[in-house]
Amino acid sequence: MSRRPDGEPELSDDIQYSDLDPEARRELRSLAKPVAELVGRHLVAAGRLIDDDPELALAHARFARSRAARVALVREAAGLAAYHAGEWAEALGELRAVRRMSGGQAHLPVMADCERALGRPERALELAAEAGRDLPKNIAVELKIVAAGARRDMGQLDAAVVALQGPDLDPGIHESWSPRLFYAYADNLEAAGRNEDAIRWFLNAAEADLDEETDAAERAFALRDAE
């Protein structure tokens, strides 16, 4: 990774401030224009790299933070980049700051997952309990999945299965979050030794997973072959 003498990661010429979405550009208006454009370009770079090179994405996000730490959008980008790079404590700190600054709860699942990664499943469950019932459905489902994982971390396998049950766990529902919910349920069923049920729910997940983002079908067939 190339850096300038001031520690700034290099930006390619094709990364432009105009690539940042309009709402994000509005959030940067509190900054002087040259600073806003510089920060914005590094946010664009972080967004482009976050899946393929999370460490470089984090370098760009950290630089943006060094120039605009009082902007919630920038702290959010730093937190998510840190999460993708496996820097759990840093991610948690940044997303806590975002929560204080904006009052939003959109990143509670990521924060809870960071607590799990740091070996604090009880704290992950506390975060889930703090959320209340007014979360958007996709966030609520993600938080439920993380909470089930925390139960599993604590050796509470049956409780992990129960934590995922509810009206959303319906094979007739195919929302954007359904494949992940069904997959998590199947995975926890398998961990609890309920293989027949796990096979059925892996197949439900595969049917709902139109974009083939999971290996649900492979998990089902592997489990069936092992029976």
# chains A, B, ... in the order shown; residues from 1 in each chain; ligands from 1
>>> select_by_dssp(residues="region 51-126 of chain A", states="alpha helix (DSSP H)", output="PDB file with N, CA, C and O atoms, in the first residue's frame")
ATOM      1  N   PRO A  54     -10.139  -5.363   2.599  1.00  0.00           N
ATOM      2  CA  PRO A  54     -10.642  -4.622   3.761  1.00  0.00           C
ATOM      3  C   PRO A  54      -9.560  -3.849   4.517  1.00  0.00           C
ATOM      4  O   PRO A  54      -9.853  -2.796   5.092  1.00  0.00           O
ATOM      5  N   GLU A  55      -8.317  -4.337   4.505  1.00  0.00           N
ATOM      6  CA  GLU A  55      -7.265  -3.614   5.214  1.00  0.00           C
ATOM      7  C   GLU A  55      -6.954  -2.276   4.542  1.00  0.00           C
ATOM      8  O   GLU A  55      -6.759  -1.256   5.217  1.00  0.00           O
ATOM      9  N   LEU A  56      -6.930  -2.272   3.217  1.00  0.00           N
ATOM     10  CA  LEU A  56      -6.712  -1.015   2.503  1.00  0.00           C
ATOM     11  C   LEU A  56      -7.928  -0.110   2.652  1.00  0.00           C
ATOM     12  O   LEU A  56      -7.792   1.112   2.794  1.00  0.00           O
ATOM     13  N   ALA A  57      -9.121  -0.695   2.621  1.00  0.00           N
ATOM     14  CA  ALA A  57     -10.333   0.098   2.847  1.00  0.00           C
ATOM     15  C   ALA A  57     -10.264   0.778   4.209  1.00  0.00           C
ATOM     16  O   ALA A  57     -10.626   1.959   4.354  1.00  0.00           O
ATOM     17  N   LEU A  58      -9.792   0.051   5.214  1.00  0.00           N
ATOM     18  CA  LEU A  58      -9.677   0.621   6.559  1.00  0.00           C
ATOM     19  C   LEU A  58      -8.655   1.749   6.584  1.00  0.00           C
ATOM     20  O   LEU A  58      -8.864   2.764   7.259  1.00  0.00           O
ATOM     21  N   ALA A  59      -7.562   1.613   5.843  1.00  0.00           N
ATOM     22  CA  ALA A  59      -6.572   2.694   5.789  1.00  0.00           C
ATOM     23  C   ALA A  59      -7.207   3.976   5.244  1.00  0.00           C
ATOM     24  O   ALA A  59      -6.980   5.074   5.773  1.00  0.00           O
ATOM     25  N   HIS A  60      -8.009   3.856   4.191  1.00  0.00           N
ATOM     26  CA  HIS A  60      -8.690   5.031   3.641  1.00  0.00           C
ATOM     27  C   HIS A  60      -9.697   5.602   4.650  1.00  0.00           C
ATOM     28  O   HIS A  60      -9.807   6.822   4.814  1.00  0.00           O
ATOM     29  N   ALA A  61     -10.446   4.724   5.306  1.00  0.00           N
ATOM     30  CA  ALA A  61     -11.438   5.188   6.272  1.00  0.00           C
ATOM     31  C   ALA A  61     -10.778   5.851   7.476  1.00  0.00           C
ATOM     32  O   ALA A  61     -11.279   6.856   8.000  1.00  0.00           O
ATOM     33  N   ARG A  62      -9.654   5.304   7.901  1.00  0.00           N
ATOM     34  CA  ARG A  62      -8.937   5.918   9.026  1.00  0.00           C
ATOM     35  C   ARG A  62      -8.431   7.310   8.659  1.00  0.00           C
ATOM     36  O   ARG A  62      -8.472   8.232   9.483  1.00  0.00           O
ATOM     37  N   PHE A  63      -7.952   7.448   7.417  1.00  0.00           N
ATOM     38  CA  PHE A  63      -7.485   8.775   7.000  1.00  0.00           C
ATOM     39  C   PHE A  63      -8.650   9.752   6.973  1.00  0.00           C
ATOM     40  O   PHE A  63      -8.518  10.897   7.429  1.00  0.00           O
ATOM     41  N   ALA A  64      -9.782   9.318   6.429  1.00  0.00           N
ATOM     42  CA  ALA A  64     -10.959  10.189   6.422  1.00  0.00           C
ATOM     43  C   ALA A  64     -11.338  10.599   7.842  1.00  0.00           C
ATOM     44  O   ALA A  64     -11.662  11.763   8.112  1.00  0.00           O
ATOM     45  N   ARG A  65     -11.275   9.643   8.764  1.00  0.00           N
ATOM     46  CA  ARG A  65     -11.595   9.946  10.157  1.00  0.00           C
ATOM     47  C   ARG A  65     -10.627  10.970  10.741  1.00  0.00           C
ATOM     48  O   ARG A  65     -11.018  11.840  11.530  1.00  0.00           O
ATOM     49  N   SER A  66      -9.369  10.880  10.357  1.00  0.00           N
ATOM     50  CA  SER A  66      -8.373  11.820  10.892  1.00  0.00           C
ATOM     51  C   SER A  66      -8.659  13.252  10.466  1.00  0.00           C
ATOM     52  O   SER A  66      -8.185  14.199  11.101  1.00  0.00           O
ATOM     53  N   ARG A  67      -9.432  13.418   9.404  1.00  0.00           N
ATOM     54  CA  ARG A  67      -9.760  14.751   8.907  1.00  0.00           C
ATOM     55  C   ARG A  67     -11.178  15.197   9.261  1.00  0.00           C
ATOM     56  O   ARG A  67     -11.494  16.376   9.143  1.00  0.00           O
ATOM     57  N   ALA A  72     -20.658  11.952  11.587  1.00  0.00           N
ATOM     58  CA  ALA A  72     -21.127  10.595  11.878  1.00  0.00           C
ATOM     59  C   ALA A  72     -20.893   9.654  10.702  1.00  0.00           C
ATOM     60  O   ALA A  72     -20.527   8.484  10.883  1.00  0.00           O
ATOM     61  N   LEU A  73     -21.103  10.135   9.494  1.00  0.00           N
ATOM     62  CA  LEU A  73     -20.900   9.306   8.300  1.00  0.00           C
ATOM     63  C   LEU A  73     -19.485   8.762   8.227  1.00  0.00           C
ATOM     64  O   LEU A  73     -19.262   7.609   7.878  1.00  0.00           O
ATOM     65  N   VAL A  74     -18.514   9.602   8.571  1.00  0.00           N
ATOM     66  CA  VAL A  74     -17.114   9.203   8.512  1.00  0.00           C
ATOM     67  C   VAL A  74     -16.810   8.161   9.586  1.00  0.00           C
ATOM     68  O   VAL A  74     -16.124   7.164   9.326  1.00  0.00           O
ATOM     69  N   ARG A  75     -17.339   8.374  10.783  1.00  0.00           N
ATOM     70  CA  ARG A  75     -17.134   7.398  11.858  1.00  0.00           C
ATOM     71  C   ARG A  75     -17.799   6.059  11.502  1.00  0.00           C
ATOM     72  O   ARG A  75     -17.275   4.986  11.810  1.00  0.00           O
ATOM     73  N   GLU A  76     -18.952   6.139  10.840  1.00  0.00           N
ATOM     74  CA  GLU A  76     -19.642   4.930  10.402  1.00  0.00           C
ATOM     75  C   GLU A  76     -18.778   4.158   9.401  1.00  0.00           C
ATOM     76  O   GLU A  76     -18.621   2.932   9.511  1.00  0.00           O
ATOM     77  N   ALA A  77     -18.219   4.867   8.437  1.00  0.00           N
ATOM     78  CA  ALA A  77     -17.365   4.222   7.439  1.00  0.00           C
ATOM     79  C   ALA A  77     -16.149   3.582   8.101  1.00  0.00           C
ATOM     80  O   ALA A  77     -15.756   2.459   7.758  1.00  0.00           O
ATOM     81  N   ALA A  78     -15.566   4.272   9.065  1.00  0.00           N
ATOM     82  CA  ALA A  78     -14.409   3.730   9.769  1.00  0.00           C
ATOM     83  C   ALA A  78     -14.789   2.481  10.556  1.00  0.00           C
ATOM     84  O   ALA A  78     -14.045   1.494  10.581  1.00  0.00           O
ATOM     85  N   GLY A  79     -15.951   2.528  11.194  1.00  0.00           N
ATOM     86  CA  GLY A  79     -16.400   1.379  11.968  1.00  0.00           C
ATOM     87  C   GLY A  79     -16.665   0.156  11.107  1.00  0.00           C
ATOM     88  O   GLY A  79     -16.251  -0.957  11.442  1.00  0.00           O
ATOM     89  N   LEU A  80     -17.336   0.352   9.999  1.00  0.00           N
ATOM     90  CA  LEU A  80     -17.654  -0.782   9.125  1.00  0.00           C
ATOM     91  C   LEU A  80     -16.399  -1.331   8.445  1.00  0.00           C
ATOM     92  O   LEU A  80     -16.265  -2.548   8.278  1.00  0.00           O
ATOM     93  N   ALA A  81     -15.482  -0.446   8.074  1.00  0.00           N
ATOM     94  CA  ALA A  81     -14.230  -0.916   7.484  1.00  0.00           C
ATOM     95  C   ALA A  81     -13.428  -1.714   8.511  1.00  0.00           C
ATOM     96  O   ALA A  81     -12.842  -2.761   8.183  1.00  0.00           O
ATOM     97  N   ALA A  82     -13.397  -1.244   9.745  1.00  0.00           N
ATOM     98  CA  ALA A  82     -12.691  -1.968  10.802  1.00  0.00           C
ATOM     99  C   ALA A  82     -13.327  -3.334  11.038  1.00  0.00           C
ATOM    100  O   ALA A  82     -12.625  -4.333  11.247  1.00  0.00           O
ATOM    101  N   TYR A  83     -14.630  -3.393  10.979  1.00  0.00           N
ATOM    102  CA  TYR A  83     -15.338  -4.666  11.161  1.00  0.00           C
ATOM    103  C   TYR A  83     -14.946  -5.660  10.065  1.00  0.00           C
ATOM    104  O   TYR A  83     -14.625  -6.816  10.345  1.00  0.00           O
ATOM    105  N   HIS A  84     -14.946  -5.205   8.832  1.00  0.00           N
ATOM    106  CA  HIS A  84     -14.591  -6.090   7.715  1.00  0.00           C
ATOM    107  C   HIS A  84     -13.125  -6.515   7.784  1.00  0.00           C
ATOM    108  O   HIS A  84     -12.777  -7.593   7.294  1.00  0.00           O
ATOM    109  N   TRP A  88     -12.024  -5.740  15.713  1.00  0.00           N
ATOM    110  CA  TRP A  88     -13.302  -5.724  16.414  1.00  0.00           C
ATOM    111  C   TRP A  88     -13.421  -4.577  17.418  1.00  0.00           C
ATOM    112  O   TRP A  88     -14.470  -3.903  17.480  1.00  0.00           O
ATOM    113  N   ALA A  89     -12.391  -4.353  18.221  1.00  0.00           N
ATOM    114  CA  ALA A  89     -12.463  -3.302  19.229  1.00  0.00           C
ATOM    115  C   ALA A  89     -12.582  -1.923  18.578  1.00  0.00           C
ATOM    116  O   ALA A  89     -13.354  -1.065  19.031  1.00  0.00           O
ATOM    117  N   GLU A  90     -11.817  -1.705  17.523  1.00  0.00           N
ATOM    118  CA  GLU A  90     -11.885  -0.431  16.809  1.00  0.00           C
ATOM    119  C   GLU A  90     -13.272  -0.242  16.193  1.00  0.00           C
ATOM    120  O   GLU A  90     -13.852   0.851  16.283  1.00  0.00           O
ATOM    121  N   ALA A  91     -13.786  -1.281  15.574  1.00  0.00           N
ATOM    122  CA  ALA A  91     -15.122  -1.192  14.976  1.00  0.00           C
ATOM    123  C   ALA A  91     -16.158  -0.857  16.033  1.00  0.00           C
ATOM    124  O   ALA A  91     -17.027   0.004  15.820  1.00  0.00           O
ATOM    125  N   LEU A  92     -16.086  -1.512  17.157  1.00  0.00           N
ATOM    126  CA  LEU A  92     -17.053  -1.279  18.225  1.00  0.00           C
ATOM    127  C   LEU A  92     -16.968   0.151  18.727  1.00  0.00           C
ATOM    128  O   LEU A  92     -18.003   0.818  18.924  1.00  0.00           O
ATOM    129  N   GLY A  93     -15.766   0.655  18.909  1.00  0.00           N
ATOM    130  CA  GLY A  93     -15.614   2.026  19.368  1.00  0.00           C
ATOM    131  C   GLY A  93     -16.189   3.038  18.391  1.00  0.00           C
ATOM    132  O   GLY A  93     -16.870   3.995  18.790  1.00  0.00           O
ATOM    133  N   GLU A  94     -15.917   2.831  17.105  1.00  0.00           N
ATOM    134  CA  GLU A  94     -16.422   3.764  16.099  1.00  0.00           C
ATOM    135  C   GLU A  94     -17.950   3.719  16.018  1.00  0.00           C
ATOM    136  O   GLU A  94     -18.616   4.758  15.930  1.00  0.00           O
ATOM    137  N   LEU A  95     -18.517   2.529  16.050  1.00  0.00           N
ATOM    138  CA  LEU A  95     -19.971   2.421  15.916  1.00  0.00           C
ATOM    139  C   LEU A  95     -20.695   2.874  17.176  1.00  0.00           C
ATOM    140  O   LEU A  95     -21.828   3.352  17.105  1.00  0.00           O
ATOM    141  N   ARG A  96     -20.046   2.747  18.316  1.00  0.00           N
ATOM    142  CA  ARG A  96     -20.603   3.344  19.533  1.00  0.00           C
ATOM    143  C   ARG A  96     -20.676   4.860  19.386  1.00  0.00           C
ATOM    144  O   ARG A  96     -21.652   5.489  19.777  1.00  0.00           O
ATOM    145  N   ALA A  97     -19.617   5.440  18.808  1.00  0.00           N
ATOM    146  CA  ALA A  97     -19.604   6.891  18.588  1.00  0.00           C
ATOM    147  C   ALA A  97     -20.723   7.301  17.643  1.00  0.00           C
ATOM    148  O   ALA A  97     -21.402   8.306  17.863  1.00  0.00           O
ATOM    149  N   VAL A  98     -20.921   6.527  16.580  1.00  0.00           N
ATOM    150  CA  VAL A  98     -21.998   6.827  15.632  1.00  0.00           C
ATOM    151  C   VAL A  98     -23.351   6.788  16.338  1.00  0.00           C
ATOM    152  O   VAL A  98     -24.213   7.660  16.127  1.00  0.00           O
ATOM    153  N   ARG A  99     -23.531   5.799  17.202  1.00  0.00           N
ATOM    154  CA  ARG A  99     -24.802   5.676  17.928  1.00  0.00           C
ATOM    155  C   ARG A  99     -25.026   6.886  18.828  1.00  0.00           C
ATOM    156  O   ARG A  99     -26.147   7.393  18.929  1.00  0.00           O
ATOM    157  N   ARG A 100     -23.963   7.352  19.479  1.00  0.00           N
ATOM    158  CA  ARG A 100     -24.093   8.549  20.321  1.00  0.00           C
ATOM    159  C   ARG A 100     -24.397   9.779  19.482  1.00  0.00           C
ATOM    160  O   ARG A 100     -25.196  10.636  19.875  1.00  0.00           O
ATOM    161  N   MET A 101     -23.765   9.888  18.333  1.00  0.00           N
ATOM    162  CA  MET A 101     -23.896  11.076  17.506  1.00  0.00           C
ATOM    163  C   MET A 101     -25.239  11.157  16.798  1.00  0.00           C
ATOM    164  O   MET A 101     -25.799  12.238  16.625  1.00  0.00           O
ATOM    165  N   SER A 102     -25.756  10.006  16.364  1.00  0.00           N
ATOM    166  CA  SER A 102     -26.970  10.005  15.539  1.00  0.00           C
ATOM    167  C   SER A 102     -28.195   9.457  16.248  1.00  0.00           C
ATOM    168  O   SER A 102     -29.323   9.690  15.818  1.00  0.00           O
ATOM    169  N   LEU A 108     -26.521  -2.005  15.416  1.00  0.00           N
ATOM    170  CA  LEU A 108     -26.532  -2.860  16.605  1.00  0.00           C
ATOM    171  C   LEU A 108     -26.110  -4.299  16.303  1.00  0.00           C
ATOM    172  O   LEU A 108     -25.361  -4.893  17.082  1.00  0.00           O
ATOM    173  N   PRO A 109     -26.569  -4.902  15.185  1.00  0.00           N
ATOM    174  CA  PRO A 109     -26.103  -6.265  14.907  1.00  0.00           C
ATOM    175  C   PRO A 109     -24.592  -6.364  14.751  1.00  0.00           C
ATOM    176  O   PRO A 109     -23.974  -7.316  15.242  1.00  0.00           O
ATOM    177  N   VAL A 110     -23.989  -5.385  14.087  1.00  0.00           N
ATOM    178  CA  VAL A 110     -22.539  -5.406  13.912  1.00  0.00           C
ATOM    179  C   VAL A 110     -21.850  -5.203  15.254  1.00  0.00           C
ATOM    180  O   VAL A 110     -20.859  -5.882  15.580  1.00  0.00           O
ATOM    181  N   MET A 111     -22.377  -4.290  16.065  1.00  0.00           N
ATOM    182  CA  MET A 111     -21.794  -4.063  17.382  1.00  0.00           C
ATOM    183  C   MET A 111     -21.877  -5.319  18.242  1.00  0.00           C
ATOM    184  O   MET A 111     -20.909  -5.697  18.920  1.00  0.00           O
ATOM    185  N   ALA A 112     -23.014  -5.969  18.207  1.00  0.00           N
ATOM    186  CA  ALA A 112     -23.181  -7.203  18.991  1.00  0.00           C
ATOM    187  C   ALA A 112     -22.238  -8.286  18.483  1.00  0.00           C
ATOM    188  O   ALA A 112     -21.674  -9.057  19.273  1.00  0.00           O
ATOM    189  N   ASP A 113     -22.048  -8.353  17.173  1.00  0.00           N
ATOM    190  CA  ASP A 113     -21.142  -9.352  16.621  1.00  0.00           C
ATOM    191  C   ASP A 113     -19.702  -9.061  17.028  1.00  0.00           C
ATOM    192  O   ASP A 113     -18.911  -9.991  17.246  1.00  0.00           O
ATOM    193  N   CYS A 114     -19.353  -7.788  17.129  1.00  0.00           N
ATOM    194  CA  CYS A 114     -18.019  -7.425  17.624  1.00  0.00           C
ATOM    195  C   CYS A 114     -17.842  -7.898  19.063  1.00  0.00           C
ATOM    196  O   CYS A 114     -16.764  -8.387  19.431  1.00  0.00           O
ATOM    197  N   GLU A 115     -18.873  -7.737  19.875  1.00  0.00           N
ATOM    198  CA  GLU A 115     -18.796  -8.211  21.258  1.00  0.00           C
ATOM    199  C   GLU A 115     -18.561  -9.723  21.283  1.00  0.00           C
ATOM    200  O   GLU A 115     -17.768 -10.227  22.074  1.00  0.00           O
ATOM    201  N   ARG A 116     -19.243 -10.448  20.411  1.00  0.00           N
ATOM    202  CA  ARG A 116     -19.007 -11.893  20.316  1.00  0.00           C
ATOM    203  C   ARG A 116     -17.555 -12.180  19.937  1.00  0.00           C
ATOM    204  O   ARG A 116     -16.905 -13.041  20.531  1.00  0.00           O
ATOM    205  N   ALA A 117     -17.059 -11.480  18.930  1.00  0.00           N
ATOM    206  CA  ALA A 117     -15.701 -11.712  18.461  1.00  0.00           C
ATOM    207  C   ALA A 117     -14.671 -11.390  19.541  1.00  0.00           C
ATOM    208  O   ALA A 117     -13.584 -11.992  19.566  1.00  0.00           O
ATOM    209  N   PRO A 121     -20.000 -12.724  24.768  1.00  0.00           N
ATOM    210  CA  PRO A 121     -21.351 -13.007  24.277  1.00  0.00           C
ATOM    211  C   PRO A 121     -22.447 -12.442  25.175  1.00  0.00           C
ATOM    212  O   PRO A 121     -23.512 -12.089  24.685  1.00  0.00           O
ATOM    213  N   GLU A 122     -22.174 -12.356  26.478  1.00  0.00           N
ATOM    214  CA  GLU A 122     -23.189 -11.797  27.378  1.00  0.00           C
ATOM    215  C   GLU A 122     -23.485 -10.342  27.020  1.00  0.00           C
ATOM    216  O   GLU A 122     -24.640  -9.913  27.053  1.00  0.00           O
ATOM    217  N   ARG A 123     -22.445  -9.594  26.658  1.00  0.00           N
ATOM    218  CA  ARG A 123     -22.634  -8.200  26.256  1.00  0.00           C
ATOM    219  C   ARG A 123     -23.393  -8.118  24.937  1.00  0.00           C
ATOM    220  O   ARG A 123     -24.203  -7.205  24.734  1.00  0.00           O
ATOM    221  N   ALA A 124     -23.162  -9.061  24.042  1.00  0.00           N
ATOM    222  CA  ALA A 124     -23.921  -9.092  22.788  1.00  0.00           C
ATOM    223  C   ALA A 124     -25.404  -9.257  23.078  1.00  0.00           C
ATOM    224  O   ALA A 124     -26.252  -8.594  22.458  1.00  0.00           O
ATOM    225  N   LEU A 125     -25.736 -10.113  24.039  1.00  0.00           N
ATOM    226  CA  LEU A 125     -27.143 -10.317  24.404  1.00  0.00           C
ATOM    227  C   LEU A 125     -27.724  -9.071  25.064  1.00  0.00           C
ATOM    228  O   LEU A 125     -28.898  -8.743  24.859  1.00  0.00           O
ATOM    229  N   GLU A 126     -26.913  -8.364  25.831  1.00  0.00           N
ATOM    230  CA  GLU A 126     -27.381  -7.114  26.442  1.00  0.00           C
ATOM    231  C   GLU A 126     -27.723  -6.079  25.375  1.00  0.00           C
ATOM    232  O   GLU A 126     -28.742  -5.370  25.473  1.00  0.00           O
TER     233      GLU A 126
END
>>> closest_atom_pairs(of="region 160-201 of chain A", to="region 215-221 of chain A", cutoff="10 Å", atoms="only C-alpha atoms", output="JSON lines")
{"residue": "A:Pro179", "atom": "CA", "partner": "A:Ala216", "partner_atom": "CA", "distance": 8.6}
{"residue": "A:Arg180", "atom": "CA", "partner": "A:Ala216", "partner_atom": "CA", "distance": 9.5}
{"residue": "A:Phe182", "atom": "CA", "partner": "A:Ala216", "partner_atom": "CA", "distance": 9.1}
{"residue": "A:Tyr183", "atom": "CA", "partner": "A:Ala216", "partner_atom": "CA", "distance": 6.5}
{"residue": "A:Ala184", "atom": "CA", "partner": "A:Ala216", "partner_atom": "CA", "distance": 9.8}
{"residue": "A:Ala186", "atom": "CA", "partner": "A:Ala216", "partner_atom": "CA", "distance": 8.8}
{"residue": "A:Asp187", "atom": "CA", "partner": "A:Arg219", "partner_atom": "CA", "distance": 8.9}
{"residue": "A:Asn195", "atom": "CA", "partner": "A:Ala220", "partner_atom": "CA", "distance": 9.3}
{"residue": "A:Glu196", "atom": "CA", "partner": "A:Ala220", "partner_atom": "CA", "distance": 9.5}
{"residue": "A:Ala198", "atom": "CA", "partner": "A:Ala220", "partner_atom": "CA", "distance": 7.5}
{"residue": "A:Ile199", "atom": "CA", "partner": "A:Ala220", "partner_atom": "CA", "distance": 4.8}
{"residue": "A:Arg200", "atom": "CA", "partner": "A:Ala220", "partner_atom": "CA", "distance": 7.5}
{"residue": "A:Trp201", "atom": "CA", "partner": "A:Ala220", "partner_atom": "CA", "distance": 8.2}
>>> residues_around(residues="Leu164 (chain A)", least_positions_apart="4", cutoff="9 Å", atoms="only C-alpha atoms", output="list in words")
Val141, Lys144, Ile145, Ala147, Ala148, Ala159, Ala160, Asp168, Leu169, Leu181, Phe182, Ala184 and Tyr185 of chain A
>>> atom_distance(atom1="CA of Gly149 (chain A)", atom2="CA of Asp53 (chain A)")
26.2 Å
>>> atom_distance(atom1="CA of Leu157 (chain A)", atom2="CA of Ala128 (chain A)")
17.8 Å
>>> atom_distance(atom1="CA of Leu43 (chain A)", atom2="CA of Pro9 (chain A)")
11.7 Å
>>> residues_around(residues="Ile139 (chain A)", least_positions_apart="4", cutoff="7 Å", atoms="only C-alpha atoms", output="list in words")
Ala106, Pro109, Leu135 and Leu143 of chain A
>>> write_last_selection(atoms="C-alpha atoms", output="PDB file, in the first residue's frame")
ATOM      1  CA  ALA A 106     -28.862   0.406  12.465  1.00  0.00           C
ATOM      2  CA  PRO A 109     -26.103  -6.265  14.907  1.00  0.00           C
ATOM      3  CA  LEU A 135     -36.196  -1.851  14.664  1.00  0.00           C
ATOM      4  CA  LEU A 143     -29.748  -8.916  15.552  1.00  0.00           C
TER       5      LEU A 143
END
>>> closest_residue(among="A:Ser30, A:Ser178, A:Gln156, A:Asn138", to="Asn204 (chain A)", atoms="only C-alpha atoms")
A:Ser178
>>> closest_residue(among="A:Ala131, A:Glu10, A:Val161, A:Ala45", to="Gly103 (chain A)", atoms="only C-alpha atoms")
A:Ala131
>>> closest_residue(among="A:Val44, A:Ile173, A:Ala36, A:Ala163", to="Asp21 (chain A)", atoms="only C-alpha atoms")
A:Val44
